[in-house]
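Okay, structure39.tsv now, which holds TSV, C-alpha atoms:
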```
chain	number	residue	atom	x	y	z
J	1	MET	CA	-22.97	-12.34	8.77
J	2	ARG	CA	-23.75	-14.47	11.84
J	3	VAL	CA	-21.34	-12.49	14.04
J	4	ALA	CA	-23.05	-9.25	13.03
J	5	ARG	CA	-26.46	-10.81	13.76
J	6	LEU	CA	-25.36	-12.00	17.20
J	7	ILE	CA	-24.06	-8.53	18.03
J	8	SER	CA	-27.35	-7.01	16.85
J	9	LEU	CA	-29.30	-9.48	18.98
J	10	VAL	CA	-27.35	-8.53	22.11
J	11	LEU	CA	-27.76	-4.81	21.42
J	12	LEU	CA	-31.50	-5.25	20.87
J	13	LEU	CA	-31.91	-7.00	24.21
J	14	GLN	CA	-29.73	-4.38	25.86
J	15	SER	CA	-31.89	-1.53	24.57
J	16	ARG	CA	-35.35	-3.13	24.88
J	17	GLU	CA	-34.87	-5.39	27.93
J	18	THR	CA	-37.29	-8.19	26.95
J	19	MET	CA	-38.16	-9.45	23.47
J	20	THR	CA	-39.86	-12.60	22.26
J	21	ALA	CA	-38.30	-14.91	19.68
J	22	ALA	CA	-40.90	-13.72	17.17
J	23	GLU	CA	-40.02	-10.06	17.76
J	24	LEU	CA	-36.30	-10.75	17.44
J	25	ALA	CA	-36.90	-12.75	14.27
J	26	ARG	CA	-38.83	-9.84	12.75
J	27	GLU	CA	-36.14	-7.31	13.67
J	28	LEU	CA	-33.27	-9.44	12.36
J	29	GLU	CA	-35.22	-10.84	9.37
J	30	VAL	CA	-34.54	-14.48	10.20
J	31	SER	CA	-36.65	-17.42	11.36
J	32	GLU	CA	-37.52	-18.10	15.00
J	33	ARG	CA	-35.51	-21.33	14.76
J	34	THR	CA	-32.44	-19.24	13.92
J	35	ILE	CA	-33.09	-17.07	16.99
J	36	TYR	CA	-33.18	-20.18	19.21
J	37	ARG	CA	-29.80	-21.29	17.82
J	38	ASP	CA	-28.31	-17.81	18.22
J	39	VAL	CA	-29.42	-17.58	21.87
J	40	LEU	CA	-27.78	-20.95	22.59
J	41	ALA	CA	-24.59	-19.73	20.92
J	42	LEU	CA	-24.57	-16.54	23.00
J	43	SER	CA	-25.12	-18.50	26.22
J	44	ALA	CA	-22.25	-20.85	25.31
J	45	ALA	CA	-20.03	-17.78	24.74
J	46	GLY	CA	-20.79	-16.49	28.24
J	47	VAL	CA	-23.39	-13.82	27.42
J	48	PRO	CA	-25.98	-13.97	30.26
J	49	VAL	CA	-29.14	-14.23	28.17
J	50	TYR	CA	-32.04	-16.19	29.56
J	51	ALA	CA	-35.74	-16.78	28.87
J	52	ASP	CA	-38.71	-15.70	30.99
J	53	GLN	CA	-41.62	-18.12	30.72
J	54	GLY	CA	-45.31	-17.18	30.52
J	55	ARG	CA	-47.54	-14.86	28.52
J	56	ALA	CA	-45.35	-11.79	29.16
J	57	GLY	CA	-42.12	-13.74	28.79
J	58	GLY	CA	-39.28	-13.49	26.34
J	59	TYR	CA	-35.52	-13.31	26.16
J	60	ARG	CA	-33.61	-10.85	28.33
J	61	LEU	CA	-30.11	-10.12	29.56
J	62	LEU	CA	-29.06	-10.46	33.19
J	63	ASP	CA	-29.82	-7.17	34.99
J	64	GLY	CA	-26.92	-4.76	34.75
J	65	TYR	CA	-25.17	-6.57	31.89
J	66	ARG	CA	-23.72	-4.25	29.26
J	67	THR	CA	-21.83	-5.34	26.19
J	68	ARG	CA	-18.35	-3.96	25.65
J	69	LEU	CA	-18.73	-4.07	21.86
J	70	THR	CA	-17.84	-0.38	21.55
J	71	GLY	CA	-15.41	-0.55	18.65
J	72	LEU	CA	-16.48	1.05	15.36
J	73	SER	CA	-15.02	0.39	11.95
J	74	ARG	CA	-14.23	3.35	9.69
J	75	ALA	CA	-17.25	2.58	7.49
J	76	GLU	CA	-19.53	2.37	10.54
J	77	ALA	CA	-18.24	5.66	11.95
J	78	GLU	CA	-18.63	7.52	8.66
J	79	THR	CA	-22.12	6.08	8.11
J	80	LEU	CA	-23.09	7.16	11.63
J	81	PHE	CA	-22.29	10.78	10.81
J	82	LEU	CA	-24.40	10.57	7.63
J	83	SER	CA	-27.46	10.21	9.89
J	84	GLY	CA	-26.86	13.76	11.12
J	85	LEU	CA	-27.23	15.68	7.86
J	86	PRO	CA	-27.52	19.24	9.22
J	87	GLY	CA	-30.22	20.83	7.05
J	88	PRO	CA	-33.37	19.09	8.38
J	89	ALA	CA	-32.02	19.08	11.95
J	90	ASP	CA	-31.43	22.84	11.76
J	91	GLU	CA	-34.97	23.46	10.47
J	92	MET	CA	-36.40	21.52	13.41
J	93	GLY	CA	-34.35	23.54	15.89
J	94	LEU	CA	-32.06	20.61	16.72
J	95	ALA	CA	-28.79	21.84	15.21
J	96	ASP	CA	-27.16	22.57	18.59
J	97	VAL	CA	-28.20	19.22	20.05
J	98	LEU	CA	-26.92	17.42	16.96
J	99	GLY	CA	-23.62	19.30	17.12
J	100	VAL	CA	-23.02	18.38	20.76
J	101	ALA	CA	-23.92	14.72	20.10
J	102	GLN	CA	-21.49	14.56	17.17
J	103	LEU	CA	-18.73	16.10	19.28
J	104	LYS	CA	-19.29	13.47	21.96
J	105	VAL	CA	-19.19	10.65	19.42
J	106	THR	CA	-16.05	12.12	17.83
J	107	ALA	CA	-14.33	12.36	21.23
J	108	ALA	CA	-15.17	8.71	21.94
J	109	LEU	CA	-13.73	7.47	18.65
J	110	PRO	CA	-10.16	6.17	18.34
J	111	VAL	CA	-7.70	8.78	17.07
J	112	GLY	CA	-7.53	7.14	13.66
J	113	LEU	CA	-11.28	7.53	13.10
J	114	ARG	CA	-11.83	11.09	14.30
J	115	ASP	CA	-11.81	12.43	10.76
J	116	ALA	CA	-14.98	10.41	10.00
J	117	ALA	CA	-17.32	13.38	10.44
J	118	GLY	CA	-15.30	15.57	8.08
J	119	ARG	CA	-15.00	12.82	5.47
J	120	ALA	CA	-18.76	12.22	5.48
J	121	ARG	CA	-19.52	15.96	5.39
J	122	GLN	CA	-17.23	16.56	2.42
J	123	ARG	CA	-18.67	13.68	0.41
J	124	PHE	CA	-22.44	13.86	1.03
J	125	HIS	CA	-24.79	16.82	1.32
J	126	LEU	CA	-28.59	16.86	1.46
J	127	ASP	CA	-30.20	19.83	-0.32
J	128	ALA	CA	-33.85	18.97	0.25
J	129	PRO	CA	-35.81	21.92	-1.21
J	130	GLY	CA	-36.74	21.81	-4.89
J	131	TRP	CA	-35.31	24.29	-7.36
J	132	PHE	CA	-36.55	27.90	-7.31
J	133	ARG	CA	-38.14	27.50	-3.88
J	134	GLN	CA	-37.56	29.34	-0.65
J	135	ALA	CA	-35.67	27.17	1.84
J	136	ASP	CA	-37.00	28.95	4.94
J	137	PRO	CA	-38.57	26.44	7.37
J	138	PRO	CA	-42.25	26.90	8.31
J	139	PRO	CA	-42.69	28.93	11.54
J	140	ALA	CA	-44.54	26.07	13.27
J	141	LEU	CA	-41.89	23.43	12.56
J	142	ALA	CA	-39.71	23.82	15.65
J	143	ASP	CA	-42.72	23.72	18.01
J	144	LEU	CA	-44.08	20.64	16.23
J	145	ALA	CA	-40.70	18.91	16.41
J	146	ARG	CA	-40.54	19.55	20.16
J	147	ALA	CA	-44.07	18.23	20.67
J	148	THR	CA	-43.31	15.17	18.54
J	149	TRP	CA	-40.23	14.31	20.58
J	150	GLN	CA	-42.11	14.72	23.86
J	151	ASP	CA	-45.40	13.05	22.77
J	152	GLN	CA	-47.36	16.20	23.63
J	153	VAL	CA	-50.91	16.70	22.38
J	154	VAL	CA	-51.18	19.96	20.42
J	155	ARG	CA	-53.95	22.18	19.15
J	156	LEU	CA	-53.45	23.32	15.55
J	157	ASN	CA	-54.88	26.25	13.65
J	158	TYR	CA	-54.85	24.79	10.15
J	159	ARG	CA	-55.55	26.67	6.91
J	160	ARG	CA	-57.75	24.58	4.62
J	161	GLY	CA	-58.93	26.28	1.47
J	162	GLY	CA	-60.10	29.75	2.40
J	163	THR	CA	-60.92	28.86	6.00
J	164	GLU	CA	-58.99	28.11	9.19
J	165	VAL	CA	-59.96	25.11	11.30
J	166	VAL	CA	-58.85	24.03	14.78
J	167	ARG	CA	-57.73	20.44	15.34
J	168	THR	CA	-56.47	18.67	18.46
J	169	VAL	CA	-53.77	16.29	17.26
J	170	GLN	CA	-51.30	13.75	18.62
J	171	PRO	CA	-48.10	14.50	16.63
J	172	TYR	CA	-46.61	11.15	15.67
J	173	GLY	CA	-43.98	12.14	13.13
J	174	LEU	CA	-42.58	14.69	10.68
J	175	VAL	CA	-41.71	14.00	7.04
J	176	LEU	CA	-39.64	16.15	4.66
J	177	LYS	CA	-40.82	15.54	1.08
J	178	ASN	CA	-39.30	17.48	-1.82
J	179	GLY	CA	-38.56	20.50	0.38
J	180	THR	CA	-41.99	20.51	2.06
J	181	TRP	CA	-42.54	19.43	5.66
J	182	TYR	CA	-45.57	17.34	6.63
J	183	LEU	CA	-46.95	16.33	10.02
J	184	VAL	CA	-48.38	12.85	10.49
J	185	GLY	CA	-50.79	13.24	13.39
J	186	ARG	CA	-53.48	11.18	14.99
J	187	VAL	CA	-56.97	12.50	15.65
J	188	PRO	CA	-58.32	9.78	17.96
J	189	GLU	CA	-62.00	10.60	17.54
J	190	VAL	CA	-61.74	10.13	13.77
J	191	GLY	CA	-61.47	6.33	14.09
J	192	GLN	CA	-61.29	4.36	10.89
J	193	VAL	CA	-61.36	6.79	7.98
J	194	ASN	CA	-60.09	7.07	4.45
J	195	GLY	CA	-59.93	10.09	2.20
J	196	VAL	CA	-57.84	12.97	1.02
J	197	GLY	CA	-54.82	13.30	3.28
J	198	GLN	CA	-56.15	10.66	5.69
J	199	VAL	CA	-55.15	7.11	6.51
J	200	ASN	CA	-56.51	4.41	8.79
J	201	ASP	CA	-56.64	4.54	12.60
J	202	GLY	CA	-57.26	8.27	12.70
J	203	TYR	CA	-53.88	9.31	11.26
J	204	ARG	CA	-53.93	12.42	9.08
J	205	ILE	CA	-51.30	14.26	7.08
J	206	TYR	CA	-50.97	18.05	7.43
J	207	ARG	CA	-48.73	20.41	5.48
J	208	VAL	CA	-46.70	22.25	8.10
J	209	ASP	CA	-46.60	25.51	6.12
J	210	ARG	CA	-50.41	25.63	6.37
J	211	ILE	CA	-50.34	25.47	10.17
J	212	ALA	CA	-50.91	29.03	11.42
J	213	ALA	CA	-50.42	28.30	15.12
J	214	VAL	CA	-49.39	25.46	17.45
J	215	GLU	CA	-50.45	25.32	21.09
J	216	ALA	CA	-49.43	22.59	23.53
J	217	THR	CA	-52.45	21.38	25.50
J	218	GLY	CA	-50.39	20.10	28.43
J	219	ASP	CA	-51.53	16.53	27.81
J	220	VAL	CA	-49.18	13.67	26.93
J	221	PHE	CA	-50.36	10.75	24.78
J	222	ASP	CA	-49.28	7.11	24.73
J	223	ARG	CA	-47.89	6.22	21.32
J	224	ASP	CA	-49.32	3.21	19.55
J	225	HIS	CA	-46.45	0.69	19.55
J	226	ARG	CA	-47.64	-0.59	16.15
J	227	PHE	CA	-47.12	2.80	14.50
J	228	ASP	CA	-44.55	2.84	11.69
J	229	LEU	CA	-43.93	6.32	10.26
J	230	ALA	CA	-42.65	5.21	6.86
J	231	GLU	CA	-45.54	2.76	6.47
J	232	VAL	CA	-48.23	5.27	7.45
J	233	TRP	CA	-46.70	7.94	5.21
J	234	ALA	CA	-46.61	5.60	2.21
J	235	ALA	CA	-50.23	4.54	2.77
J	236	GLY	CA	-51.41	8.12	3.27
J	237	THR	CA	-49.74	9.51	0.16
J	238	ALA	CA	-50.93	6.59	-1.95
J	239	ASP	CA	-54.50	7.09	-0.71
J	240	PHE	CA	-54.25	10.80	-1.45
J	241	VAL	CA	-53.10	10.31	-5.04
J	242	ARG	CA	-55.70	7.63	-5.67
J	243	SER	CA	-58.43	9.83	-4.23
J	244	ILE	CA	-57.75	12.71	-6.64
J	245	LEU	CA	-57.50	10.56	-9.80
J	246	VAL	CA	-61.26	10.30	-10.21
J	247	ASP	CA	-61.50	10.76	-13.98
J	248	GLU	CA	-60.03	9.05	-17.03
J	249	ILE	CA	-59.09	10.08	-20.56
J	250	VAL	CA	-58.04	8.15	-23.66
J	251	VAL	CA	-54.80	9.19	-25.34
J	252	ARG	CA	-52.44	8.17	-28.09
J	253	LEU	CA	-48.75	8.49	-27.25
J	254	SER	CA	-45.58	8.41	-29.32
J	255	PRO	CA	-42.60	6.44	-27.98
J	256	ALA	CA	-41.11	9.72	-26.72
J	257	GLY	CA	-44.43	10.72	-25.18
J	258	LEU	CA	-44.76	7.40	-23.36
J	259	ARG	CA	-41.26	7.79	-21.94
J	260	ALA	CA	-41.90	11.41	-20.87
J	261	LEU	CA	-45.34	10.74	-19.37
J	262	ARG	CA	-43.94	10.16	-15.87
J	263	TRP	CA	-42.59	13.72	-15.83
J	264	ALA	CA	-45.95	15.23	-16.81
J	265	VAL	CA	-48.45	13.39	-14.57
J	266	GLU	CA	-48.56	11.74	-11.13
J	267	ALA	CA	-46.50	8.55	-10.84
J	268	PRO	CA	-49.52	6.23	-10.21
J	269	ALA	CA	-51.28	7.70	-13.24
J	270	ALA	CA	-48.23	7.16	-15.45
J	271	GLN	CA	-47.88	3.59	-14.20
J	272	ALA	CA	-51.55	2.86	-14.88
J	273	ALA	CA	-51.21	4.27	-18.41
J	274	HIS	CA	-48.17	2.09	-19.10
J	275	GLU	CA	-49.99	-1.01	-17.87
J	276	ALA	CA	-53.10	-0.24	-19.96
J	277	ALA	CA	-51.18	0.57	-23.17
J	278	GLY	CA	-52.02	-1.52	-26.21
J	279	PRO	CA	-49.50	-2.79	-28.77
J	280	PRO	CA	-47.64	-0.08	-30.73
J	281	ASP	CA	-48.74	0.71	-34.28
J	282	ALA	CA	-46.44	0.92	-37.29
J	283	GLN	CA	-45.06	4.28	-36.09
J	284	GLY	CA	-44.60	3.06	-32.51
J	285	TRP	CA	-47.58	5.00	-31.08
J	286	VAL	CA	-49.81	3.35	-28.47
J	287	HIS	CA	-53.39	3.85	-27.29
J	288	THR	CA	-53.98	3.88	-23.54
J	289	ARG	CA	-56.25	5.09	-20.75
J	290	LEU	CA	-54.83	7.73	-18.41
J	291	PRO	CA	-56.29	8.41	-14.91
J	292	VAL	CA	-56.53	12.17	-14.26
J	293	GLU	CA	-57.85	14.52	-11.60
J	294	SER	CA	-60.07	16.31	-14.14
J	295	PRO	CA	-60.03	17.29	-17.84
J	296	ASP	CA	-58.89	20.78	-16.83
J	297	VAL	CA	-55.88	19.42	-14.95
J	298	ALA	CA	-55.16	16.97	-17.77
J	299	TYR	CA	-55.17	19.85	-20.27
J	300	SER	CA	-52.44	21.64	-18.30
J	301	GLN	CA	-50.38	18.49	-17.79
J	302	LEU	CA	-50.49	17.25	-21.38
J	303	GLN	CA	-49.30	20.59	-22.75
J	304	ALA	CA	-45.84	19.52	-21.54
J	305	LEU	CA	-45.86	16.62	-24.02
J	306	GLY	CA	-46.55	18.82	-27.04
J	307	PRO	CA	-46.88	16.86	-30.29
J	308	GLU	CA	-46.01	13.56	-28.58
J	309	VAL	CA	-49.59	13.05	-27.34
J	310	GLU	CA	-53.02	13.01	-29.03
J	311	VAL	CA	-56.17	13.12	-26.91
J	312	LEU	CA	-58.87	10.82	-28.28
J	313	ALA	CA	-61.52	11.21	-25.55
J	314	PRO	CA	-63.41	12.94	-24.07
J	315	PRO	CA	-64.37	15.15	-27.01
J	316	VAL	CA	-64.33	18.35	-24.95
J	317	LEU	CA	-60.68	17.85	-24.01
J	318	ARG	CA	-59.77	16.87	-27.58
J	319	ASP	CA	-61.36	20.11	-28.80
J	320	ARG	CA	-59.34	22.16	-26.29
J	321	MET	CA	-56.10	20.47	-27.34
J	322	ARG	CA	-56.96	21.02	-31.03
J	323	ASP	CA	-57.67	24.69	-30.38
J	324	ALA	CA	-54.36	25.07	-28.54
J	325	ALA	CA	-52.53	23.42	-31.44
J	326	ARG	CA	-54.17	25.79	-33.94
J	327	ARG	CA	-53.18	28.84	-31.89
J	328	LEU	CA	-49.61	27.57	-31.66
J	329	ALA	CA	-49.53	26.96	-35.41
J	330	ALA	CA	-50.73	30.52	-35.97
J	331	LEU	CA	-48.02	31.90	-33.69
J	332	TYR	CA	-45.24	29.86	-35.32
J	333	GLY	CA	-46.53	29.87	-38.93
J	334	ASP	CA	-44.41	30.99	-41.88
J	335	THR	CA	-45.77	34.51	-41.73
J	336	ALA	CA	-45.51	34.92	-37.96
J	337	GLY	CA	-42.00	36.37	-38.07
J	338	GLN	CA	-43.03	39.07	-40.58
J	339	ARG	CA	-45.47	40.79	-38.21
```
Show me this structure written as structure tokens.
Amino acid sequence: MRVARLISLVLLLQSRETMTAAELARELEVSERTIYRDVLALSAAGVPVYADQGRAGGYRLLDGYRTRLTGLSRAEAETLFLSGLPGPADEMGLADVLGVAQLKVTAALPVGLRDAAGRARQRFHLDAPGWFRQADPPPALADLARATWQDQVVRLNYRRGGTEVVRTVQPYGLVLKNGTWYLVGRVPEVGQVNGVGQVNDGYRIYRVDRIAAVEATGDVFDRDHRFDLAEVWAAGTADFVRSILVDEIVVRLSPAGLRALRWAVEAPAAQAAHEAAGPPDAQGWVHTRLPVESPDVAYSQLQALGPEVEVLAPPVLRDRMRDAARRLAALYGDTAGQR
């Protein structure tokens, strides 16, 4: 483990030039005291790492030093090719670039490892779109990917409801979620906001298939070094789900209904219902409170649970569920097949 950490430390300094002990500790998930010991070990082994003093100081390698740690194990080589799953790269217009890069890596590998790409390709495949959905990428995706790579400010024509709005956005990242592409962009003038599809620091989430047009403004923006795409995406989606669950209903669920609830409603709503559930009765049914977007949406969602759920409140939703049950009973009654 320590050898791998020392190699990682050298490669970090080689790629980022100067890093503080705190930054290295965060990257390698160790304490700063461990970093101090590792730097001493590297120096003793002849690696020219030294410390710059002062406010802008940190550890760095002697100018021009490059490690010769170029050997890859079979597992490392095969894992490297997994990072180039072709579907998303093709949709972003990067298939040719990815292909050339993989050829170069393959040519640089020892003869015994040159089958790594084929082994990975034959064992793992990413089919991102959901079932029964068109897999065609949104028309704006390639332009957005190019702007994201080059940190270019873009002007978007975005369809929202029945209208089309124009937004000037700094494209920070693209996310593929269940076959749908999303843009995480920053609208600087927004400042600190929270709401549907929005997160702090002016970042907003846009569905790429709702972007009618993309136009590069010619301006380049400076990325916020604190930005973390996975972190911002998680915060934005969580805020979005929480923002739409503005109502609450009371239900009674069978054991099967409680297990199936996560397939019928949003994950945070199902989790909240599980946490709020009371003790089971003699038949194993539980009472709980379920966050929902609205009674109308809840009516559609709970139909999937059939007789495994009973709505207790509000009365208007209970009446709708009762009426649906009566109509189903009429359709499937003993005399229904004789019509």
Radius query 10 Å about (-26.2, -10.7, 10.7), atoms used: all atoms listed in the file, as a PyMOL selection string:
chain J and resi 1-9+28-30
Of the candidates J:Arg160, J:Arg167, J:Arg322, J:His287, which one gets nearest to Val214 (chain J) if we count all atoms listed in the file?
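Ranked by minimum distance to Val214 (chain J), first place goes to J:Arg167.
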Would you please work out which residue, of J:Ala304, J:Pro315, J:Val297, J:Val241, is nearest to Trp263 (chain J) when using all atoms listed in the file?
J:Ala304
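Put simply, CA of Arg186 (chain J) is 22.7 Å away from CA of Glu91 (chain J).
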Using all atoms listed in the file: which of J:Pro307, J:Pro268, J:Gly257, J:Gly185 has the shortest distance to Gly284 (chain J)
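For Gly284 (chain J), the nearest of the candidates is J:Gly257.
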Which is closer to Lys177 (chain J) than all the others in J:Met19, J:Ala230, J:Val153, J:Leu61, using all atoms listed in the file?
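So, comparing all the options, the nearest one is J:Ala230.
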d(CA of Arg242 (chain J), CA of Leu141 (chain J)) in Å
27.8 Å
Do a neighbour search on region 265-267 of chain J at 10 Å with all atoms listed in the file, toss out local chain neighbours closer than 5 positions, and write the hits as a list in words.
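Near region 265-267 of chain J, the qualifying residues are Val241, Arg242, Leu245, Ala260, Ala272, Ala273, Leu290, Pro291, Val292, Glu293, Val297, Ala298, Ser300, Gln301, Leu302 and Ala304 of chain J.
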Considering all atoms listed in the file, return as an MDAnalysis selection string whatever protein or nucleic-acid residues lie within 6 Å of Glu17 (chain J), sequence-local ones (same chain, fewer than 3 positions apart) excluded.
chainID J and resid 13:14 60
Length of the CA of Ala142 (chain J) to CA of Gln170 (chain J) vector [Å]:
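These atoms are spaced 15.6 Å apart.
Distance cut-off 9 Å, centre (-45.8, 13.6, 27.1), atoms counted all atoms listed in the file; the residues meeting this are Ala147, Trp149, Gln150, Asp151, Gln152, Val153, Gly218, Asp219, Val220, Phe221 and Asp222 of chain J.
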In terms of the shortest atom-to-atom distance over only C-alpha atoms, which of J:Asp319, J:Asp115, J:Asp281, J:Asp38 is closest to Pro295 (chain J)?
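Under the stated criterion, the closest residue is J:Asp319.
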Could you check which of J:Ile249, J:Ala212, J:Ala330, J:Ala22 is closest to Tyr299 (chain J), using all atoms listed in the file?
J:Ile249
